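Engineer: Attaching a single structure in structure tokens format; questions to follow.
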Amino acid sequence: MVRDHTVDLWTHPELAAAVANEDWAGLLRTYRRLTGISQTKLGELTGLAQPDVSAIERGRRRVTSAEVRQRITAGLGVPAELRGADRPRAGAGGETDGVPRLGLAACAPDADLLARVTTVVDGTKRVDTATLDWLDRLLAEHRRAEDVIGSRPLVTIMRQQLRTVMDLHAGARGALADRVVLLASEHAQFLAWMAQDQADTATALAWYDRSHEWALEAGDADMAATTLNMKAHMAWSNGRATRCVRLAEASQWSAPDSSLGVQAMAVQMAARGHALSGEADDTRRLLDEGQDLMTRAAERPEEQPPWMYFYDETWFRLQRGMAELHLRAWSRAIGHLTDGLAALPDDYRRDKTWYRACLTHALAGADEPEQSLTVALRTVPDAAAVGRPHAWGELHTAAAVLLRRGATAEGRQLVAALREHD
């Protein structure tokens, strides 16, 4: 009997057959039998509450959501060659299901600019400043759109847009060539963030590495440091406290000329790493240091890079709340998260969803089950639409906390609400 997660686990014929047949009940039962783990531990791996694991195994609940299938296969580490059924299905014309395109009328080039862009890509003319200015604006609009609709609808669009940028490089000369490389770096960083948002760690790391390399080639300290900050964020997301701190520190010493806003992000990322380790004094000291840098950055907005548009006092207050959540300082976490959410514009739908999920967790930890459930039920629809897998997983964590602390009625209501949207 296999008792650990070895590379041979997925060669077991019962597991391979369960994946091929999309027999999710058999997959979970066999995986637990072979590894010896509990339903609770399996739930932690897959982002499912223990009652849901039990219901799937007993056949009382069918797995029909592509999102749940992805969480199971990713959480259990199903090899890519086995999970063909987990890949997006092609629709008519070979397009994958979802949002095939996003119209951003405010960014549409006029006829003259459109002609210049298309002829540049065709290689018949050299790239010019107007073309790059338009692509800068288009990227900025896509970043803003992602705040509202989430990352999933934009991935294909942004990959195509990056290809367009790369096609421009052959027609660029001198300073314009450097600007094209930086624009490519910004696109790669955005693609990395979207992969990270969908918990696709390998893809995110590959794009961050590419973005960092292009940032160095373009000589841009802000983007080079930002890629390290975002790698720190990814380490934090995966519970790797020491790696989070080290990458945040590397951002600071490797790019001392980066803007104050980027430096502030590096410092608060280091604070997050310390919070994961339960180091309250270091966490709060660094958060104070980061807030001072952020306040100074706000006095010189023209010096901050465009991708830091979201970075302000409200965002920092929410970061404090998240750090206090890791420290299990429930009252502090609730205060910061409540105040930050009240000030966060509705345009930040994805972020509001995440921080509401954190507030749900903090209220559960503070033995405020009714308030926790109220916030959770308001959050579940958006978490299902734009907050998977992170906000969705945080809500499952909150449900587990409620059940563990004896708030059985509220915990079961939250589990039922999550199940309804799966």
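Identifiers in the structure tokens: chain A, B, ... in order shown; residue index from 1 per chain; ligand index from 1 in order shown.
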Quick one: residues within 8 Å of Val53 (chain A), only C-alpha atoms counted, chain neighbours fewer than 5 positions away excluded, as a PyMOL selection string?
Structural biologist: chain A and resi 28+39+42-43+48
Engineer: Quick one: everything within 9 Å of Gly261 (chain A), counting only C-alpha atoms, minus sequence neighbours fewer than 3 positions away in the same chain. Send it as a ChimeraX atom specification.
Structural biologist: /A:258,264-266,290,293-298,301,303-305,308,311
Engineer: Extract, using only C-alpha atoms, all DNA, RNA and protein residues at most 9 Å from Val148 (chain A), discarding same-chain residues fewer than 3 positions from it, and format them as a CSV table (one decimal) with all heavy atoms, in the first residue's frame.
Structural biologist:
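Output below, filename part-v8.csv:
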```
chain,number,residue,atom,x,y,z
A,144,ARG,N,-7.5,47.2,-15.7
A,144,ARG,CA,-8.7,47.7,-15.0
A,144,ARG,C,-9.9,46.7,-15.3
A,144,ARG,O,-10.7,46.5,-14.3
A,144,ARG,CB,-9.1,49.1,-15.6
A,144,ARG,CG,-8.1,50.2,-15.3
A,144,ARG,CD,-8.2,50.6,-13.8
A,144,ARG,NE,-7.4,51.8,-13.6
A,144,ARG,CZ,-7.4,52.5,-12.5
A,144,ARG,NH1,-8.2,52.1,-11.5
A,144,ARG,NH2,-6.6,53.6,-12.3
A,145,ALA,N,-10.0,46.2,-16.5
A,145,ALA,CA,-11.1,45.2,-16.7
A,145,ALA,C,-10.9,44.0,-15.9
A,145,ALA,O,-11.9,43.4,-15.3
A,145,ALA,CB,-11.1,44.8,-18.2
A,346,ASP,N,-16.2,49.9,-5.9
A,346,ASP,CA,-16.9,48.7,-6.4
A,346,ASP,C,-16.2,48.2,-7.7
A,346,ASP,O,-16.4,47.0,-8.1
A,346,ASP,CB,-18.4,49.0,-6.7
A,346,ASP,CG,-19.2,49.1,-5.4
A,346,ASP,OD1,-18.8,48.6,-4.4
A,346,ASP,OD2,-20.2,49.8,-5.5
A,347,ASP,N,-15.4,49.0,-8.3
A,347,ASP,CA,-14.7,48.6,-9.5
A,347,ASP,C,-13.7,47.5,-9.2
A,347,ASP,O,-13.4,46.7,-10.2
A,347,ASP,CB,-13.9,49.8,-10.1
A,347,ASP,CG,-14.8,50.9,-10.8
A,347,ASP,OD1,-16.0,50.6,-10.9
A,347,ASP,OD2,-14.3,51.9,-11.1
A,348,TYR,N,-13.3,47.4,-8.0
A,348,TYR,CA,-12.4,46.3,-7.6
A,348,TYR,C,-13.1,45.1,-7.2
A,348,TYR,O,-13.0,44.6,-6.0
A,348,TYR,CB,-11.4,46.8,-6.5
A,348,TYR,CG,-10.4,47.9,-7.0
A,348,TYR,CD1,-10.8,49.2,-6.9
A,348,TYR,CD2,-9.2,47.5,-7.5
A,348,TYR,CE1,-9.9,50.2,-7.4
A,348,TYR,CE2,-8.3,48.5,-8.0
A,348,TYR,CZ,-8.7,49.8,-7.9
A,348,TYR,OH,-7.8,50.8,-8.3
A,349,ARG,N,-13.9,44.5,-8.1
A,349,ARG,CA,-14.8,43.4,-7.7
A,349,ARG,C,-14.0,42.2,-7.2
A,349,ARG,O,-14.4,41.6,-6.2
A,349,ARG,CB,-15.7,43.0,-8.9
A,349,ARG,CG,-16.7,42.0,-8.6
A,349,ARG,CD,-17.4,41.5,-9.9
A,349,ARG,NE,-18.4,40.5,-9.6
A,349,ARG,CZ,-18.8,39.7,-10.6
A,349,ARG,NH1,-18.4,39.8,-11.9
A,349,ARG,NH2,-19.7,38.7,-10.3
A,350,ARG,N,-13.0,41.8,-7.9
A,350,ARG,CA,-12.2,40.7,-7.5
A,350,ARG,C,-11.6,40.9,-6.1
A,350,ARG,O,-11.6,40.0,-5.3
A,350,ARG,CB,-11.1,40.4,-8.5
A,350,ARG,CG,-10.3,39.1,-8.3
A,350,ARG,CD,-9.0,39.1,-8.8
A,350,ARG,NE,-8.2,40.2,-8.4
A,350,ARG,CZ,-7.7,41.1,-9.2
A,350,ARG,NH1,-7.8,41.0,-10.5
A,350,ARG,NH2,-7.0,42.2,-8.8
A,351,ASP,N,-11.0,42.1,-5.9
A,351,ASP,CA,-10.3,42.3,-4.7
A,351,ASP,C,-11.3,42.4,-3.5
A,351,ASP,O,-11.1,41.9,-2.4
A,351,ASP,CB,-9.5,43.6,-4.7
A,351,ASP,CG,-8.3,43.5,-5.6
A,351,ASP,OD1,-7.9,42.4,-5.9
A,351,ASP,OD2,-7.7,44.5,-5.9
A,386,VAL,N,-15.7,35.3,-9.9
A,386,VAL,CA,-14.4,35.9,-10.2
A,386,VAL,C,-13.4,35.6,-9.1
A,386,VAL,O,-12.2,36.1,-9.3
A,386,VAL,CB,-14.5,37.5,-10.3
A,386,VAL,CG1,-15.4,37.8,-11.5
A,386,VAL,CG2,-15.0,38.1,-9.0
```
Engineer: Within 8 Å of Gly387 (chain A), counting only C-alpha atoms, which residues show up once you throw out same-chain ones fewer than 6 positions away? Write them as a VMD selection string, please.
Structural biologist: chain A and resid 150 350 353 to 354
Engineer: Write a file of the just-selected residues containing all heavy atoms, as a tab-separated table (two decimals), in the first residue's frame.
Structural biologist:
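selection01.tsv was written with the following content:
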```tsv
chain	number	residue	atom	x	y	z
A	150	GLY	N	-12.29	39.57	-13.46
A	150	GLY	CA	-11.39	38.48	-13.12
A	150	GLY	C	-10.47	38.12	-14.28
A	150	GLY	O	-10.56	38.69	-15.37
A	350	ARG	N	-12.97	41.85	-7.92
A	350	ARG	CA	-12.21	40.67	-7.51
A	350	ARG	C	-11.57	40.88	-6.14
A	350	ARG	O	-11.62	40.01	-5.28
A	350	ARG	CB	-11.12	40.35	-8.54
A	350	ARG	CG	-10.34	39.06	-8.25
A	350	ARG	CD	-8.96	39.09	-8.85
A	350	ARG	NE	-8.21	40.24	-8.41
A	350	ARG	CZ	-7.68	41.14	-9.24
A	350	ARG	NH1	-7.81	41.01	-10.53
A	350	ARG	NH2	-7.01	42.18	-8.77
A	353	THR	N	-14.03	40.78	-3.32
A	353	THR	CA	-14.41	39.40	-3.04
A	353	THR	C	-13.39	38.72	-2.15
A	353	THR	O	-13.73	38.03	-1.18
A	353	THR	CB	-14.57	38.64	-4.36
A	353	THR	OG1	-15.56	39.28	-5.16
A	353	THR	CG2	-14.97	37.19	-4.11
A	354	TRP	N	-12.11	38.90	-2.47
A	354	TRP	CA	-11.05	38.28	-1.68
A	354	TRP	C	-11.06	38.78	-0.24
A	354	TRP	O	-11.03	38.01	0.72
A	354	TRP	CB	-9.70	38.53	-2.31
A	354	TRP	CG	-8.55	38.27	-1.39
A	354	TRP	CD1	-7.67	39.18	-0.88
A	354	TRP	CD2	-8.14	37.00	-0.84
A	354	TRP	NE1	-6.77	38.57	-0.05
A	354	TRP	CE2	-7.03	37.24	0.00
A	354	TRP	CE3	-8.62	35.71	-0.98
A	354	TRP	CZ2	-6.39	36.22	0.69
A	354	TRP	CZ3	-7.98	34.68	-0.28
A	354	TRP	CH2	-6.88	34.94	0.54
```
Engineer: Could you list, as a ChimeraX atom specification, every residue within 6 Å of region 317-327 of chain A, counting only C-alpha atoms and ignoring same-chain residues fewer than 6 positions away?
Structural biologist: /A:272,275-276,278,333,336-337,340
